[in-house]
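Shown next: target-v1.txt, given as compact mmCIF, C-alpha atoms.
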```txt
# COMPACT_ATOMS: atom_id res chain seq x y z
CA MET A 309 11.38 -21.38 -14.25
CA ALA A 310 8.91 -18.84 -12.87
CA ALA A 311 9.26 -15.29 -14.14
CA MET A 312 8.41 -12.16 -12.22
CA LYS A 313 6.46 -9.32 -13.81
CA SER A 314 6.60 -5.91 -12.21
CA GLU A 315 5.25 -2.42 -12.76
CA ILE A 316 4.84 0.83 -10.87
CA ILE A 317 1.54 2.59 -10.38
CA ARG A 318 1.34 6.17 -9.20
CA VAL A 319 -1.04 7.35 -6.51
CA ARG A 320 -1.70 10.97 -5.59
CA THR A 321 -2.57 11.13 -1.90
CA GLY A 322 -2.93 14.89 -1.54
CA GLY A 323 -2.02 17.12 1.38
CA ARG A 324 -3.86 15.23 4.12
CA ASP A 325 -3.73 11.84 5.86
CA THR A 326 -5.03 9.31 3.35
CA VAL A 327 -6.13 5.73 3.00
CA ALA A 328 -6.23 5.20 -0.79
CA ASP A 329 -7.93 2.11 -2.22
CA ILE A 330 -5.63 0.49 -4.80
CA THR A 331 -7.45 -2.86 -4.98
CA SER A 332 -8.71 -2.44 -8.55
CA GLU A 333 -5.26 -1.54 -9.89
CA CYS A 334 -3.78 -4.55 -8.06
CA ALA A 335 -6.50 -6.88 -9.35
CA GLU A 336 -6.05 -5.74 -12.94
CA PHE A 337 -2.27 -6.13 -12.78
CA ALA A 338 -2.63 -9.61 -11.23
CA ARG A 339 -5.19 -10.60 -13.90
CA GLN A 340 -2.91 -9.51 -16.76
CA ALA A 341 0.26 -10.99 -15.26
CA SER A 342 -1.55 -14.25 -14.53
CA ALA A 343 -2.84 -14.44 -18.12
CA ASP A 344 0.69 -13.87 -19.42
CA SER A 345 1.92 -16.65 -17.16
CA ALA A 346 -0.84 -19.01 -18.32
CA SER A 347 -0.05 -18.28 -21.98
CA GLN A 348 3.50 -19.45 -21.28
CA GLY A 349 2.33 -22.78 -19.89
CA GLY A 350 1.68 -21.82 -16.29
CA ASP A 351 -1.62 -22.19 -14.47
CA GLY A 352 -2.09 -18.48 -13.73
CA ASP A 353 -1.44 -18.94 -10.02
CA GLY A 354 1.17 -16.98 -8.10
CA LEU A 355 1.80 -14.23 -5.60
CA LEU A 356 1.17 -10.51 -5.91
CA HIS A 357 3.61 -8.44 -3.90
CA VAL A 358 2.65 -4.80 -3.27
CA PHE A 359 5.52 -2.58 -2.16
CA VAL A 360 5.70 1.16 -1.42
CA PRO A 361 9.28 2.41 -1.93
CA HIS A 362 8.83 5.29 0.52
CA ALA A 363 10.03 5.66 4.12
CA THR A 364 6.76 7.30 5.13
CA ALA A 365 3.90 5.18 3.73
CA GLY A 366 2.48 1.70 4.21
CA VAL A 367 0.20 -0.93 2.70
CA ALA A 368 -2.78 -2.26 4.65
CA LEU A 369 -5.24 -5.05 3.99
CA ILE A 370 -8.42 -3.60 5.49
CA GLU A 371 -12.15 -3.25 4.96
CA LEU A 372 -12.76 0.08 3.24
CA GLY A 373 -15.88 2.20 2.88
CA SER A 374 -17.52 1.07 6.13
CA GLY A 375 -15.82 3.63 8.36
CA SER A 376 -12.67 1.57 8.88
CA ASP A 377 -10.51 3.95 6.84
CA PRO A 378 -11.26 7.03 8.99
CA ASP A 379 -11.03 4.80 12.08
CA LEU A 380 -7.54 3.74 10.98
CA LEU A 381 -6.48 7.36 10.46
CA SER A 382 -7.96 8.30 13.84
CA ALA A 383 -6.07 5.46 15.55
CA LEU A 384 -2.84 6.51 13.83
CA GLY A 385 -3.49 10.10 14.94
CA ASP A 386 -3.88 8.91 18.55
CA LEU A 387 -0.83 6.65 18.37
CA LEU A 388 1.36 8.98 16.29
CA PRO A 389 0.18 12.58 16.83
CA ALA A 390 1.21 15.30 14.39
CA ASP A 391 2.90 17.49 16.99
CA ASP A 392 6.38 18.65 17.95
CA ARG A 393 7.46 15.57 20.00
CA TRP A 394 9.40 13.96 17.14
CA ARG A 395 13.20 14.18 16.88
CA HIS A 396 12.96 13.75 13.11
CA ALA A 397 11.68 17.28 12.73
CA HIS A 398 12.06 18.62 9.19
CA GLY A 399 9.01 19.41 7.07
CA SER A 400 5.55 20.03 8.44
CA GLU A 401 4.79 19.74 12.14
CA GLY A 402 4.72 16.10 13.18
CA HIS A 403 6.57 14.90 10.09
CA GLY A 404 8.62 12.52 12.24
CA ARG A 405 5.51 10.41 12.84
CA SER A 406 5.46 9.59 9.13
CA HIS A 407 8.85 7.91 9.50
CA VAL A 408 7.64 5.84 12.46
CA MET A 409 4.35 4.74 10.86
CA PRO A 410 5.84 2.00 8.60
CA ALA A 411 6.84 0.11 11.77
CA PHE A 412 3.09 -0.26 12.43
CA ILE A 413 1.77 -0.44 8.85
CA PRO A 414 4.52 -2.06 6.78
CA PRO A 415 5.39 -0.82 3.29
CA TYR A 416 4.41 -4.15 1.71
CA ALA A 417 1.80 -6.89 1.47
CA THR A 418 1.72 -10.21 -0.39
CA ILE A 419 -1.56 -11.63 -1.69
CA PRO A 420 -2.12 -15.08 -3.25
CA VAL A 421 -3.42 -15.11 -6.83
CA LEU A 422 -5.34 -18.15 -8.08
CA GLY A 423 -6.44 -18.34 -11.70
CA GLY A 424 -5.85 -14.62 -12.13
CA ARG A 425 -7.91 -13.54 -9.13
CA LEU A 426 -6.70 -11.97 -5.90
CA GLU A 427 -7.52 -14.27 -3.00
CA LEU A 428 -8.59 -11.54 -0.60
CA GLY A 429 -11.07 -12.16 2.19
CA THR A 430 -14.68 -11.09 1.71
CA TRP A 431 -14.20 -7.60 3.11
CA GLN A 432 -10.49 -7.08 2.48
CA SER A 433 -9.18 -4.34 0.24
CA ILE A 434 -5.63 -3.23 -0.51
CA ALA A 435 -4.91 0.30 0.67
CA LEU A 436 -2.00 2.71 0.52
CA VAL A 437 -1.77 4.46 3.90
CA ASP A 438 -0.04 7.83 3.83
CA VAL A 439 0.24 10.32 6.71
CA ASN A 440 3.06 12.32 5.11
CA VAL A 441 1.35 15.51 3.97
CA ASP A 442 4.66 16.81 2.54
CA ASN A 443 4.84 14.21 -0.26
CA PRO A 444 1.52 13.76 -2.09
CA ASP A 445 2.88 11.78 -5.06
CA ARG A 446 3.47 8.11 -4.33
CA GLN A 447 4.68 5.11 -6.23
CA VAL A 448 3.56 1.55 -5.58
CA ARG A 449 5.46 -1.36 -7.12
CA LEU A 450 3.29 -4.32 -8.07
CA SER A 451 5.15 -7.59 -8.68
CA PHE A 452 3.69 -10.95 -9.74
CA LEU A 453 5.65 -14.11 -9.18
CA ALA A 454 4.13 -17.00 -11.09
CA GLY A 455 3.74 -20.29 -9.23
```

Mind turning the file's structure into structure tokens?
Amino acid sequence: MAAMKSEIIRVRTGGRDTVADITSECAEFARQASADSASQGGDGDGLLHVFVPHATAGVALIELGSGSDPDLLSALGDLLPADDRWRHAHGSEGHGRSHVMPAFIPPYATIPVLGGRLELGTWQSIALVDVNVDNPDRQVRLSFLAG
């Protein structure tokens, strides 16, 4: 029977819109969980599930470092402006947009793991996307389900 391993990492996003690269933390967790699975007779293959237990953040698979991260934040700013149009209106101006954002960038992603390695595309990275400037401390739950 396959066992699931799970842990929480903490990410500080600060007081501004952020795209935070969490690929290395995800890769290390997947490597360790896969090795544990292999030591128990498995082949080290499985699924990594990345989940943000917050109503105002998301997980994106995106190319980072080439300008895509600021482009994503710019697109979110155009689509979900930080102004007074939102009915959900507590916190900083435009806070309601943070509660709408997870409908566009979901709070989860699942990545195949083969032999302990994340099977991401050549330019894909795993990013925490956070436009809630009122809550700079985030948790991300990493879960590995052995195959």

Proximity to A:Ala454 - best of A:Leu422, A:Leu372, A:Ala383, A:Cys334, all atoms listed in the file
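Using all atoms listed in the file, A:Ala454 sits closest to A:Leu422.
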
Surrounding residues of stretch 386-389 of chain A excluding itself and chain neighbours under 4 positions, 10 Å, only C-alpha atoms, as an mmCIF file with C-alpha atoms, in the coordinates of the input:
```cif
data_model
loop_
_atom_site.group_PDB
_atom_site.id
_atom_site.type_symbol
_atom_site.label_atom_id
_atom_site.label_comp_id
_atom_site.auth_asym_id
_atom_site.auth_seq_id
_atom_site.Cartn_x
_atom_site.Cartn_y
_atom_site.Cartn_z
ATOM 1 C CA LEU A 380 -7.540 3.740 10.980
ATOM 2 C CA LEU A 381 -6.480 7.360 10.460
ATOM 3 C CA SER A 382 -7.960 8.300 13.840
ATOM 4 C CA ARG A 393 7.460 15.570 20.000
ATOM 5 C CA TRP A 394 9.400 13.960 17.140
ATOM 6 C CA GLU A 401 4.790 19.740 12.140
ATOM 7 C CA GLY A 402 4.720 16.100 13.180
ATOM 8 C CA HIS A 403 6.570 14.900 10.090
ATOM 9 C CA GLY A 404 8.620 12.520 12.240
ATOM 10 C CA ARG A 405 5.510 10.410 12.840
ATOM 11 C CA SER A 406 5.460 9.590 9.130
ATOM 12 C CA VAL A 408 7.640 5.840 12.460
ATOM 13 C CA MET A 409 4.350 4.740 10.860
ATOM 14 C CA PHE A 412 3.090 -0.260 12.430
ATOM 15 C CA VAL A 439 0.240 10.320 6.710
#
```

Shell of 7 Å around A:Glu315, all atoms listed in the file, local chain residues under 5 positions omitted, as a list in words
Arg449, Leu450 and Ser451 of chain A

Across A:Pro414, A:Gly399, A:Pro378, A:Gly455, the smallest distance to A:Asp351, with only C-alpha atoms counted, is shown by A:Gly455

Using all atoms listed in the file, which residues sit within 6 Å of A:Phe359 once same-chain residues fewer than 4 positions away are excluded, as an MDAnalysis selection string?
chainID A and resid 415:416 448:449

Let me make sure I understand: among A:Ile370, A:Gly323, A:Arg446, A:Ser332, which one has the smallest atom-to-atom distance to A:Gly429 if we use all atoms listed in the file?
A:Ile370

For atom CA of A:Thr430 and atom CA of A:Gly385, determine how far apart the two atoms are, in Å to one decimal place.
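Atom CA of A:Gly385 lies at a distance of 27.4 Å from atom CA of A:Thr430.
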
Looking at only C-alpha atoms, which of A:Val441, A:Ala397, A:Leu355, A:Ala363 is the one that sits closest to A:Ser342?
A:Leu355

Surrounding residues of A:Asp377 excluding itself and chain neighbours under 5 positions, 12 Å, only C-alpha atoms, as a ChimeraX atom specification:
/A:325-329,368-372,382-384,432-438

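Relative to atom CA of A:Thr331, atom CA of A:Leu426 is found at 9.2 Å.
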
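Take the candidates A:Asp445, A:Ala311, A:Val360, A:Ile316 and check each one against A:Glu333 using only C-alpha atoms; the shortest distance goes to A:Ile316.
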
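We find atom CA of A:Arg320 and atom CA of A:Ile413 to be spaced 18.7 Å apart.
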
Selected residue of minimal separation from A:Ala390 among A:Trp431, A:His407, A:Gln348, A:Ser374, counting all atoms listed in the file:
A:His407

What lies within 9 Å of A:Ala343 using all atoms listed in the file, ignoring chain neighbours under 6 positions off, as a PyMOL selection string?
chain A and resi 350-352+423-424

Expected file content for stretch 369-400 of chain A, C-alpha atoms, as a PDB file, in the first residue's frame:
```pdb
ATOM      1  CA  LEU A 369       4.007  26.312 -12.947  1.00  0.00           C
ATOM      2  CA  ILE A 370       5.814  29.013 -14.913  1.00  0.00           C
ATOM      3  CA  GLU A 371       9.167  29.995 -16.358  1.00  0.00           C
ATOM      4  CA  LEU A 372      10.904  32.240 -13.831  1.00  0.00           C
ATOM      5  CA  GLY A 373      13.787  34.671 -14.176  1.00  0.00           C
ATOM      6  CA  SER A 374      13.142  35.558 -17.821  1.00  0.00           C
ATOM      7  CA  GLY A 375      10.658  38.334 -17.137  1.00  0.00           C
ATOM      8  CA  SER A 376       7.655  36.023 -16.856  1.00  0.00           C
ATOM      9  CA  ASP A 377       7.263  36.623 -13.116  1.00  0.00           C
ATOM     10  CA  PRO A 378       6.838  40.418 -13.411  1.00  0.00           C
ATOM     11  CA  ASP A 379       4.695  39.831 -16.520  1.00  0.00           C
ATOM     12  CA  LEU A 380       2.424  37.566 -14.453  1.00  0.00           C
ATOM     13  CA  LEU A 381       2.125  40.181 -11.702  1.00  0.00           C
ATOM     14  CA  SER A 382       1.425  42.867 -14.305  1.00  0.00           C
ATOM     15  CA  ALA A 383      -1.302  40.729 -15.903  1.00  0.00           C
ATOM     16  CA  LEU A 384      -2.842  40.064 -12.485  1.00  0.00           C
ATOM     17  CA  GLY A 385      -2.706  43.803 -11.770  1.00  0.00           C
ATOM     18  CA  ASP A 386      -4.575  44.498 -15.018  1.00  0.00           C
ATOM     19  CA  LEU A 387      -7.102  41.719 -14.427  1.00  0.00           C
ATOM     20  CA  LEU A 388      -7.495  42.253 -10.670  1.00  0.00           C
ATOM     21  CA  PRO A 389      -6.600  45.875  -9.841  1.00  0.00           C
ATOM     22  CA  ALA A 390      -5.822  46.873  -6.259  1.00  0.00           C
ATOM     23  CA  ASP A 391      -8.547  49.494  -6.012  1.00  0.00           C
ATOM     24  CA  ASP A 392     -11.846  50.065  -4.222  1.00  0.00           C
ATOM     25  CA  ARG A 393     -14.130  48.070  -6.603  1.00  0.00           C
ATOM     26  CA  TRP A 394     -14.154  44.926  -4.441  1.00  0.00           C
ATOM     27  CA  ARG A 395     -17.063  44.067  -2.135  1.00  0.00           C
ATOM     28  CA  HIS A 396     -14.711  42.061   0.076  1.00  0.00           C
ATOM     29  CA  ALA A 397     -13.199  45.241   1.436  1.00  0.00           C
ATOM     30  CA  HIS A 398     -11.350  44.714   4.720  1.00  0.00           C
ATOM     31  CA  GLY A 399      -7.594  45.193   4.939  1.00  0.00           C
ATOM     32  CA  SER A 400      -5.536  47.190   2.481  1.00  0.00           C
TER      33      SER A 400
END
```
